[in-house]
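K.L.:
Following this message is one structure expressed as structure tokens.
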Amino acid sequence: MYTPSFFSITFVEEGRPILVMAEDDRYAKCVDLYKKEDYSALKKFLCVDIVVNNSTYDDLKIDIEYGRVTYKGAPVHNVVVNKVFELIEGKLPYKHLVAFLKNILECDSFTVLNELYLFLESNETMPIMDDGAFLAYRVVDSDYMSKHRNPDGSRNRNQVGDVVTMDREDVDDDRENTCSQGLHFCSFDYIPSYGYSNRDRVMIVKIFPQDVVSIPSDYN
């Protein structure tokens, strides 16, 4: 189905709409192909390369031609899926976001599954890596020890190369309890609010999405 107007043209294939605005470089050619009723050429022009169609990543399958994503056979709809297709259509690298999607689908938190990407996007300074992990920041004491103590009174060392862990049941999963019990990370811009002093160390930490327990509700 094709719906032209003075300002845009919409191509719908298998229920997936592709909107081309008048200011888009593709608009003139789309209108020309529409006038010629050459719909197969219009589809080929607008759809992304079929060479990447039906990509499978373990249990995650991406059907690019028809805009479908399934995980273990079940359809997936969330903001990350939309972003993956946005990058594909823009012919930009997207494999890192596929890896991120795979990781968050392993989360047991509905909030993390649906809002972690929005949290990272909102804060801007926490990039997603090729393996689907992301980078964030952590403020520690001058001796590289954590600023706050664990439930047993101990503190974690945070030197370069250290893997810092905490039992999941020791982490407060109530997102309204900001700065509560757990292993904390933040965006770069939040560091001054972390209780940072000139003697403290700021560490870059790599975190896998499935290890995130809670996201503050006021992250915007």
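In the structure tokens, chains take letters A, B, ... by order of appearance, with residues numbered from 1 within each chain and ligands from 1 in the order shown.
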If you run DSSP over the backbone, which residues in stretch 13-177 of chain A end up alpha helix (DSSP H)? Put them as an MDAnalysis selection string.
P.N.:
chainID A and resid 27:35 39:46 79:89 95:104 110:123
K.L.:
Could you please write out, as a PyMOL selection string, every residue of stretch 7-218 of chain A that DSSP assigns to strand (DSSP E)?
P.N.:
chain A and resi 8-13+16-21+55-57+60-63+68-71+74-75+134-140+201-207
K.L.:
Using only C-alpha atoms, which residues sit within 12 Å of A:Glu23 once same-chain residues fewer than 2 positions away are excluded, as number ranges by chain?
P.N.:
A: 6-9, 19-21, 25-28
K.L.:
Could you build a table of the residues in stretch 112-145 of chain A lying no more than 12 Å from stretch 65-85 of chain A, giving for each the nearest pair of atoms and their separation in Å rounded to one decimal place, using only C-alpha atoms, ordered by chain and ascending residue number, as a Markdown table?
P.N.:
```
| residue | atom | partner | partner_atom | distance |
| --- | --- | --- | --- | --- |
| A:Val112 | CA | A:Asn78 | CA | 11.6 |
| A:Leu113 | CA | A:Asn78 | CA | 8.5 |
| A:Asn114 | CA | A:Asn78 | CA | 6.6 |
| A:Glu115 | CA | A:Val79 | CA | 8.4 |
| A:Leu116 | CA | A:Val80 | CA | 9.6 |
| A:Tyr117 | CA | A:Val80 | CA | 6.9 |
| A:Leu118 | CA | A:Val79 | CA | 7.9 |
| A:Phe119 | CA | A:Val79 | CA | 11.5 |
| A:Leu120 | CA | A:Val80 | CA | 11.4 |
| A:Glu121 | CA | A:Val80 | CA | 10.7 |
| A:Ile128 | CA | A:Val80 | CA | 12.0 |
| A:Gly132 | CA | A:Val80 | CA | 11.8 |
```
K.L.:
Which distance in Å separates atom CA of A:Asp141 and atom CA of A:Val163, to one decimal?
P.N.:
16.7 Å
K.L.:
Would you mind listing what lies within 10 Å of A:Val213 as a compact mmCIF listing (two decimals) with N, CA and C atoms, in the first residue's frame, with only C-alpha atoms counted and same-chain residues fewer than 6 positions away left out?
P.N.:
```txt
# COMPACT_ATOMS: atom_id res chain seq x y z
N CYS A 107 17.29 -10.48 31.48
CA CYS A 107 17.01 -9.83 32.76
C CYS A 107 15.76 -10.43 33.40
N ASP A 108 15.74 -10.43 34.72
CA ASP A 108 14.53 -10.87 35.42
C ASP A 108 13.78 -9.67 36.00
N SER A 109 14.12 -8.47 35.51
CA SER A 109 13.46 -7.25 35.96
C SER A 109 12.72 -6.61 34.79
N THR A 111 11.43 -3.68 34.73
CA THR A 111 11.89 -2.30 34.62
C THR A 111 13.18 -2.20 33.83
N VAL A 112 14.15 -3.06 34.15
CA VAL A 112 15.42 -3.05 33.44
C VAL A 112 15.22 -3.41 31.97
N ARG A 168 22.77 -10.78 44.77
CA ARG A 168 21.62 -10.04 44.29
C ARG A 168 20.63 -9.70 45.40
N GLU A 169 20.49 -10.62 46.36
CA GLU A 169 19.53 -10.36 47.44
C GLU A 169 19.99 -9.24 48.37
N VAL A 171 21.01 -6.37 47.20
CA VAL A 171 20.81 -5.12 46.45
C VAL A 171 19.34 -4.71 46.53
N ASP A 172 19.10 -3.47 46.93
CA ASP A 172 17.73 -2.95 47.04
C ASP A 172 17.15 -2.77 45.64
N ASP A 173 16.04 -3.48 45.33
CA ASP A 173 15.44 -3.40 44.00
C ASP A 173 14.26 -2.43 43.94
N ASP A 174 14.07 -1.63 45.01
CA ASP A 174 13.02 -0.62 45.01
C ASP A 174 13.57 0.65 44.35
N ARG A 175 13.11 0.96 43.16
CA ARG A 175 13.67 2.07 42.39
C ARG A 175 13.36 3.43 43.01
N GLY A 182 23.56 -1.37 47.56
CA GLY A 182 23.92 -2.06 46.32
C GLY A 182 25.25 -1.57 45.79
N LEU A 183 25.65 -2.05 44.61
CA LEU A 183 26.83 -1.56 43.91
C LEU A 183 26.37 -0.45 42.98
```
K.L.:
Pick out the closest residue to A:Asp59 from this set: A:Ala99, A:Ala41, A:Leu87, A:Val202. Count only C-alpha atoms.
P.N.:
A:Ala99
K.L.:
In Å to one decimal, how far is atom CA of A:Leu46 from atom CA of A:Cys30?
P.N.:
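Atom CA of A:Leu46 lies 8.3 Å from atom CA of A:Cys30.
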K.L.:
Choose the residue, out of A:Gly153, A:Pro93, A:Pro192, A:Pro127, that has the smallest atom-to-atom separation from A:Lys206; count only C-alpha atoms.
P.N.:
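Ranked by minimum distance to A:Lys206, first place goes to A:Pro127.
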K.L.:
Skip A:Ser146 itself and residues of its chain fewer than 4 positions away, then list as a list in words all residues within 10 Å of it, counting only C-alpha atoms.
P.N.:
Arg138, Val139, Val140, Asp141, Ser142, Asn150, Ser154, Arg155, Asn156, Arg157, Asn158, Val164, Leu183, His184 and Arg201 of chain A
K.L.:
Would you compute the distance between atom CA of A:Tyr196 and atom CA of A:Pro216? Give it in Å to one decimal.
P.N.:
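Distance between the two atoms: 19.6 Å.
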